file input_19.cif (mmCIF, C-alpha atoms, pLDDT in the B column; chains and numbers go by the auth columns)
data_my_file
loop_
_atom_site.group_PDB
_atom_site.id
_atom_site.type_symbol
_atom_site.label_atom_id
_atom_site.label_comp_id
_atom_site.label_asym_id
_atom_site.label_seq_id
_atom_site.Cartn_x
_atom_site.Cartn_y
_atom_site.Cartn_z
_atom_site.B_iso_or_equiv
_atom_site.auth_seq_id
_atom_site.auth_asym_id
ATOM 1 C CA MET A 1 0.000 0.000 0.000 43.00 1 A
ATOM 2 C CA SER A 2 1.238 3.448 -0.808 48.00 2 A
ATOM 3 C CA ALA A 3 2.091 5.768 2.053 49.00 3 A
ATOM 4 C CA SER A 4 -0.254 8.300 0.430 71.00 4 A
ATOM 5 C CA VAL A 5 -3.347 6.489 1.752 78.00 5 A
ATOM 6 C CA GLN A 6 -4.882 8.220 4.747 86.00 6 A
ATOM 7 C CA VAL A 7 -7.868 6.985 6.728 87.00 7 A
ATOM 8 C CA ARG A 8 -10.066 9.507 8.498 85.00 8 A
ATOM 9 C CA PRO A 9 -13.669 9.935 9.612 83.00 9 A
ATOM 10 C CA VAL A 10 -16.078 10.667 6.795 81.00 10 A
ATOM 11 C CA ARG A 11 -17.607 14.150 6.601 80.00 11 A
ATOM 12 C CA SER A 12 -20.761 15.464 4.981 78.00 12 A
ATOM 13 C CA THR A 13 -18.592 17.307 2.439 82.00 13 A
ATOM 14 C CA ASP A 14 -17.432 13.894 1.200 83.00 14 A
ATOM 15 C CA PHE A 15 -20.901 13.123 -0.139 82.00 15 A
ATOM 16 C CA PRO A 16 -20.183 13.299 -3.903 85.00 16 A
ATOM 17 C CA GLN A 17 -17.213 10.933 -3.680 88.00 17 A
ATOM 18 C CA TRP A 18 -18.838 8.785 -0.993 86.00 18 A
ATOM 19 C CA GLN A 19 -21.897 8.407 -3.240 84.00 19 A
ATOM 20 C CA VAL A 20 -19.749 6.920 -6.027 88.00 20 A
ATOM 21 C CA LEU A 21 -18.239 4.398 -3.595 90.00 21 A
ATOM 22 C CA TRP A 22 -21.640 3.616 -2.055 86.00 22 A
ATOM 23 C CA ASP A 23 -23.094 2.950 -5.508 86.00 23 A
ATOM 24 C CA GLY A 24 -20.093 0.704 -6.216 91.00 24 A
ATOM 25 C CA TYR A 25 -20.655 -1.116 -2.929 89.00 25 A
ATOM 26 C CA ASN A 26 -24.265 -1.824 -3.820 87.00 26 A
ATOM 27 C CA ALA A 27 -23.386 -2.861 -7.377 89.00 27 A
ATOM 28 C CA PHE A 28 -20.647 -5.193 -6.085 90.00 28 A
ATOM 29 C CA TYR A 29 -23.320 -7.071 -4.129 87.00 29 A
ATOM 30 C CA GLY A 30 -25.800 -7.021 -7.013 88.00 30 A
ATOM 31 C CA ARG A 31 -28.157 -4.505 -5.421 83.00 31 A
ATOM 32 C CA SER A 32 -29.824 -1.596 -7.180 76.00 32 A
ATOM 33 C CA GLY A 33 -33.016 0.413 -6.875 72.00 33 A
ATOM 34 C CA ASP A 34 -35.209 -0.877 -4.063 71.00 34 A
ATOM 35 C CA THR A 35 -32.719 -3.614 -3.166 69.00 35 A
ATOM 36 C CA ALA A 36 -29.808 -1.189 -2.612 69.00 36 A
ATOM 37 C CA ALA A 37 -28.569 -0.992 0.970 66.00 37 A
ATOM 38 C CA THR A 38 -29.596 2.363 2.378 61.00 38 A
ATOM 39 C CA ALA A 39 -29.817 4.107 5.726 50.00 39 A
ATOM 40 C CA GLY A 40 -32.391 6.591 4.514 48.00 40 A
ATOM 41 C CA ARG A 41 -33.499 7.221 1.010 50.00 41 A
ATOM 42 C CA TYR A 42 -31.032 8.107 -1.633 48.00 42 A
ATOM 43 C CA PRO A 43 -29.494 10.698 -2.097 51.00 43 A
ATOM 44 C CA ASN A 44 -29.397 11.384 1.642 58.00 44 A
ATOM 45 C CA ASP A 45 -27.786 8.116 2.786 63.00 45 A
ATOM 46 C CA LEU A 46 -24.585 9.676 4.092 66.00 46 A
ATOM 47 C CA VAL A 47 -26.486 12.387 5.959 68.00 47 A
ATOM 48 C CA ALA A 48 -28.690 9.700 7.530 66.00 48 A
ATOM 49 C CA PHE A 49 -25.628 7.704 8.585 65.00 49 A
ATOM 50 C CA LEU A 50 -24.061 10.791 10.137 67.00 50 A
ATOM 51 C CA ARG A 51 -27.270 11.700 11.988 66.00 51 A
ATOM 52 C CA GLN A 52 -27.447 8.200 13.449 61.00 52 A
ATOM 53 C CA ARG A 53 -23.997 8.840 14.902 57.00 53 A
ATOM 54 C CA ARG A 54 -22.603 5.718 13.368 61.00 54 A
ATOM 55 C CA ALA A 55 -18.875 5.701 12.950 62.00 55 A
ATOM 56 C CA HIS A 56 -17.349 5.856 9.498 69.00 56 A
ATOM 57 C CA ALA A 57 -13.952 5.995 7.917 70.00 57 A
ATOM 58 C CA CYS A 58 -12.863 6.744 4.411 73.00 58 A
ATOM 59 C CA ALA A 59 -9.549 6.263 2.679 73.00 59 A
ATOM 60 C CA ARG A 60 -8.110 9.071 0.615 74.00 60 A
ATOM 61 C CA ARG A 61 -5.290 8.741 -1.838 71.00 61 A
ATOM 62 C CA GLY A 62 -3.091 10.800 -4.119 67.00 62 A
ATOM 63 C CA SER A 63 -2.326 14.434 -4.613 59.00 63 A
ATOM 64 C CA ARG A 64 -6.000 15.221 -5.216 66.00 64 A
ATOM 65 C CA ALA A 65 -6.857 13.148 -2.139 75.00 65 A
ATOM 66 C CA ARG A 66 -9.790 11.382 -3.756 85.00 66 A
ATOM 67 C CA LEU A 67 -11.819 8.857 -1.780 89.00 67 A
ATOM 68 C CA VAL A 68 -10.876 5.290 -2.660 91.00 68 A
ATOM 69 C CA GLY A 69 -12.576 3.326 0.112 91.00 69 A
ATOM 70 C CA LEU A 70 -15.177 3.457 2.834 90.00 70 A
ATOM 71 C CA THR A 71 -16.261 1.583 5.900 88.00 71 A
ATOM 72 C CA HIS A 72 -19.207 2.043 8.223 86.00 72 A
ATOM 73 C CA PHE A 73 -19.171 0.618 11.702 85.00 73 A
ATOM 74 C CA LEU A 74 -21.233 0.925 14.835 82.00 74 A
ATOM 75 C CA TYR A 75 -21.280 -0.066 18.470 84.00 75 A
ATOM 76 C CA HIS A 76 -24.025 -2.113 20.044 83.00 76 A
ATOM 77 C CA ARG A 77 -24.800 -3.830 23.334 83.00 77 A
ATOM 78 C CA SER A 78 -23.823 -7.442 23.690 81.00 78 A
ATOM 79 C CA THR A 79 -25.266 -10.359 25.613 85.00 79 A
ATOM 80 C CA ILE A 80 -21.800 -11.703 26.455 83.00 80 A
ATOM 81 C CA GLN A 81 -19.938 -8.612 27.664 77.00 81 A
ATOM 82 C CA ILE A 82 -20.651 -5.270 29.288 76.00 82 A
ATOM 83 C CA PRO A 83 -18.771 -2.901 26.966 76.00 83 A
ATOM 84 C CA PRO A 84 -20.414 -2.279 23.580 80.00 84 A
ATOM 85 C CA THR A 85 -19.248 -4.457 20.697 85.00 85 A
ATOM 86 C CA CYS A 86 -17.862 -2.869 17.549 86.00 86 A
ATOM 87 C CA TYR A 87 -19.535 -4.129 14.377 87.00 87 A
ATOM 88 C CA LEU A 88 -17.982 -3.438 10.980 88.00 88 A
ATOM 89 C CA ALA A 89 -21.068 -3.170 8.765 84.00 89 A
ATOM 90 C CA ASP A 90 -19.750 -2.113 5.349 88.00 90 A
ATOM 91 C CA LEU A 91 -16.346 -2.177 3.659 93.00 91 A
ATOM 92 C CA PHE A 92 -15.635 -1.220 0.066 94.00 92 A
ATOM 93 C CA THR A 93 -12.685 -0.069 -2.029 94.00 93 A
ATOM 94 C CA ALA A 94 -12.637 1.301 -5.549 93.00 94 A
ATOM 95 C CA ASP A 95 -11.725 -1.248 -8.238 93.00 95 A
ATOM 96 C CA ALA A 96 -8.528 0.643 -9.091 90.00 96 A
ATOM 97 C CA VAL A 97 -7.052 0.111 -5.609 91.00 97 A
ATOM 98 C CA ARG A 98 -8.145 -3.440 -4.853 92.00 98 A
ATOM 99 C CA GLY A 99 -5.310 -5.582 -3.575 92.00 99 A
ATOM 100 C CA GLN A 100 -3.237 -2.540 -2.578 89.00 100 A
ATOM 101 C CA GLY A 101 -3.955 -2.563 1.158 90.00 101 A
ATOM 102 C CA VAL A 102 -6.689 0.083 1.289 92.00 102 A
ATOM 103 C CA GLY A 103 -9.237 -2.342 2.737 92.00 103 A
ATOM 104 C CA ARG A 104 -6.669 -3.554 5.248 91.00 104 A
ATOM 105 C CA ALA A 105 -6.001 0.069 6.284 90.00 105 A
ATOM 106 C CA LEU A 106 -9.728 0.686 6.755 91.00 106 A
ATOM 107 C CA ILE A 107 -10.094 -2.447 8.898 93.00 107 A
ATOM 108 C CA ALA A 108 -7.063 -1.409 10.967 90.00 108 A
ATOM 109 C CA ALA A 109 -8.644 2.024 11.515 89.00 109 A
ATOM 110 C CA VAL A 110 -11.871 0.419 12.771 90.00 110 A
ATOM 111 C CA TYR A 111 -9.829 -1.800 15.083 90.00 111 A
ATOM 112 C CA GLU A 112 -7.946 1.201 16.478 90.00 112 A
ATOM 113 C CA HIS A 113 -11.196 3.145 16.950 87.00 113 A
ATOM 114 C CA ALA A 114 -12.687 0.216 18.888 87.00 114 A
ATOM 115 C CA ARG A 115 -9.516 -0.273 20.934 88.00 115 A
ATOM 116 C CA ALA A 116 -9.368 3.419 21.885 86.00 116 A
ATOM 117 C CA ARG A 117 -13.059 3.448 22.775 80.00 117 A
ATOM 118 C CA ARG A 118 -12.659 0.344 24.924 79.00 118 A
ATOM 119 C CA LEU A 119 -9.700 1.909 26.748 73.00 119 A
ATOM 120 C CA ALA A 120 -11.669 5.126 27.303 71.00 120 A
ATOM 121 C CA THR A 121 -14.606 3.102 28.653 68.00 121 A
ATOM 122 C CA ARG A 122 -12.299 1.312 31.108 63.00 122 A
ATOM 123 C CA LEU A 123 -10.750 4.594 32.253 59.00 123 A
ATOM 124 C CA LEU A 124 -14.186 6.100 32.876 58.00 124 A
ATOM 125 C CA ALA A 125 -15.277 2.990 34.802 58.00 125 A
ATOM 126 C CA ASP A 126 -12.159 3.159 36.981 59.00 126 A
ATOM 127 C CA ALA A 127 -12.593 6.885 37.727 51.00 127 A
#
call {"tool": "encode", "arguments": {"input": "input_19.cif", "output": "structure tokens"}}
result
Amino acid sequence: MSASVQVRPVRSTDFPQWQVLWDGYNAFYGRSGDTAATAGRYPNDLVAFLRQRRAHACARRGSRARLVGLTHFLYHRSTIQIPPTCYLADLFTADAVRGQGVGRALIAAVYEHARARRLATRLLADA
């Protein structure tokens, strides 16, 4: 993977590029129209995700820093442990960067987010 890949939280200003990746995600799984995965109703999916306070990351690459990957993840209660469980819901990379470590970087970012949250939860519980 190139060192020029950065993973960061997704922002509402990312919508045009996120939309292209989201459409690619749905197409990859053979979904379109009414069968497309959606949090709201297109074209407001990203806004709906952000309002639900779900966590997201996107990978940017190159001098123009275009989006090349996305992941959506959330935390939920568990029946087997007290701290919330992190669930990686969606992961997608653009065709042009497949096999170049972008997906791995997105997964690592989700892992780090969950690890930091778990540590923060423990610190608050110990306070």
call {"tool": "closest_residue", "arguments": {"input": "input_19.cif", "among": "A:Ser32, A:Asn26, A:Ser12, A:Thr71", "to": "A:Val102", "atoms": "all atoms listed in the file"}}
result
A:Thr71
call {"tool": "residues_near_point", "arguments": {"input": "input_19.cif", "point": "(-15.6, 2.1, 18.7)", "cutoff": "7 Å", "atoms": "only C-alpha atoms", "output": "list in words"}}
result
Leu74, Tyr75, Cys86, His113, Ala114, Arg115 and Arg117 of chain A
call {"tool": "residues_around", "arguments": {"input": "input_19.cif", "residues": "A:Arg104", "least_positions_apart": "5", "cutoff": "10 Å", "atoms": "only C-alpha atoms", "output": "short mmCIF file (atom, residue, chain, number, x, y, z; two decimals) with C-alpha atoms, in the frame of the given file"}}
result
data_model
loop_
_atom_site.label_atom_id
_atom_site.label_comp_id
_atom_site.auth_asym_id
_atom_site.auth_seq_id
_atom_site.Cartn_x
_atom_site.Cartn_y
_atom_site.Cartn_z
CA MET A 1 0.00 0.00 0.00
CA LEU A 91 -16.35 -2.18 3.66
CA GLY A 99 -5.31 -5.58 -3.58
CA ALA A 109 -8.64 2.02 11.52
CA VAL A 110 -11.87 0.42 12.77
#
call {"tool": "atom_distance", "arguments": {"input": "input_19.cif", "atom1": "atom CA of A:Arg98", "atom2": "atom CA of A:Asp34"}}
result
27.2 Å
call {"tool": "residues_around", "arguments": {"input": "input_19.cif", "residues": "A:Cys58", "least_positions_apart": "3", "cutoff": "8 Å", "atoms": "only C-alpha atoms", "output": "list in words"}}
result
Val7, Arg8, Pro9, Val10, Leu67, Val68, Gly69, Leu70, Thr71 and Leu106 of chain A
call {"tool": "atom_distance", "arguments": {"input": "input_19.cif", "atom1": "atom CA of A:Ala96", "atom2": "atom CA of A:Phe15"}}
result
19.7 Å
call {"tool": "atom_distance", "arguments": {"input": "input_19.cif", "atom1": "atom CA of A:Phe92", "atom2": "atom CA of A:Phe28"}}
result
8.9 Å
call {"tool": "residues_near_point", "arguments": {"input": "input_19.cif", "point": "(-22.3, -4.0, 12.6)", "cutoff": "10 Å", "atoms": "all atoms listed in the file", "output": "compact mmCIF listing (two decimals) with C-alpha atoms, in the coordinates of the input"}}
result
# COMPACT_ATOMS: atom_id res chain seq x y z
CA ARG A 54 -22.60 5.72 13.37
CA HIS A 72 -19.21 2.04 8.22
CA PHE A 73 -19.17 0.62 11.70
CA LEU A 74 -21.23 0.92 14.84
CA TYR A 75 -21.28 -0.07 18.47
CA HIS A 76 -24.02 -2.11 20.04
CA THR A 85 -19.25 -4.46 20.70
CA CYS A 86 -17.86 -2.87 17.55
CA TYR A 87 -19.54 -4.13 14.38
CA LEU A 88 -17.98 -3.44 10.98
CA ALA A 89 -21.07 -3.17 8.76
CA ASP A 90 -19.75 -2.11 5.35
call {"tool": "decode", "arguments": {"input": "input_19.cif", "residues": "stretch 92-116 of chain A", "atoms": "N, CA and C atoms", "output": "compact mmCIF listing (two decimals), in the first residue's frame"}}
result
# COMPACT_ATOMS: atom_id res chain seq x y z
N PHE A 92 -15.71 -1.23 1.52
CA PHE A 92 -15.63 -1.22 0.07
C PHE A 92 -14.44 -0.38 -0.37
N THR A 93 -13.76 -0.85 -1.41
CA THR A 93 -12.69 -0.07 -2.03
C THR A 93 -12.95 0.02 -3.53
N ALA A 94 -12.49 1.11 -4.11
CA ALA A 94 -12.64 1.30 -5.55
C ALA A 94 -11.86 0.21 -6.28
N ASP A 95 -12.37 -0.20 -7.44
CA ASP A 95 -11.73 -1.25 -8.24
C ASP A 95 -10.24 -0.96 -8.46
N ALA A 96 -9.90 0.28 -8.73
CA ALA A 96 -8.53 0.64 -9.09
C ALA A 96 -7.52 0.40 -7.97
N VAL A 97 -7.99 0.29 -6.73
CA VAL A 97 -7.05 0.11 -5.61
C VAL A 97 -7.19 -1.24 -4.92
N ARG A 98 -7.99 -2.12 -5.46
CA ARG A 98 -8.14 -3.44 -4.85
C ARG A 98 -6.80 -4.16 -4.82
N GLY A 99 -6.55 -4.83 -3.73
CA GLY A 99 -5.31 -5.58 -3.57
C GLY A 99 -4.12 -4.73 -3.21
N GLN A 100 -4.33 -3.45 -2.90
CA GLN A 100 -3.24 -2.54 -2.58
C GLN A 100 -3.22 -2.14 -1.11
N GLY A 101 -4.00 -2.81 -0.27
CA GLY A 101 -3.95 -2.56 1.16
C GLY A 101 -4.91 -1.52 1.68
N VAL A 102 -5.75 -0.95 0.82
CA VAL A 102 -6.69 0.08 1.29
C VAL A 102 -7.71 -0.53 2.24
N GLY A 103 -8.28 -1.67 1.86
CA GLY A 103 -9.24 -2.34 2.74
C GLY A 103 -8.61 -2.71 4.07
N ARG A 104 -7.39 -3.21 4.02
CA ARG A 104 -6.67 -3.55 5.25
C ARG A 104 -6.49 -2.31 6.13
N ALA A 105 -6.17 -1.18 5.52
CA ALA A 105 -6.00 0.07 6.28
C ALA A 105 -7.32 0.51 6.92
N LEU A 106 -8.42 0.34 6.20
CA LEU A 106 -9.73 0.69 6.76
C LEU A 106 -10.08 -0.22 7.94
N ILE A 107 -9.83 -1.51 7.80
CA ILE A 107 -10.09 -2.45 8.90
C ILE A 107 -9.22 -2.11 10.11
N ALA A 108 -7.97 -1.79 9.87
CA ALA A 108 -7.06 -1.41 10.97
C ALA A 108 -7.57 -0.15 11.67
N ALA A 109 -8.12 0.79 10.92
CA ALA A 109 -8.64 2.02 11.52
C ALA A 109 -9.86 1.73 12.40
N VAL A 110 -10.72 0.82 11.96
CA VAL A 110 -11.87 0.42 12.77
C VAL A 110 -11.37 -0.25 14.05
N TYR A 111 -10.40 -1.13 13.92
CA TYR A 111 -9.83 -1.80 15.08
C TYR A 111 -9.28 -0.78 16.08
N GLU A 112 -8.53 0.19 15.58
CA GLU A 112 -7.95 1.20 16.48
C GLU A 112 -9.03 2.05 17.13
N HIS A 113 -10.08 2.38 16.39
CA HIS A 113 -11.20 3.15 16.95
C HIS A 113 -11.83 2.36 18.10
N ALA A 114 -12.08 1.06 17.87
CA ALA A 114 -12.69 0.22 18.89
C ALA A 114 -11.77 0.06 20.09
N ARG A 115 -10.48 -0.12 19.84
CA ARG A 115 -9.52 -0.27 20.93
C ARG A 115 -9.47 0.99 21.78
N ALA A 116 -9.41 2.15 21.15
CA ALA A 116 -9.37 3.42 21.88
C ALA A 116 -10.66 3.63 22.68
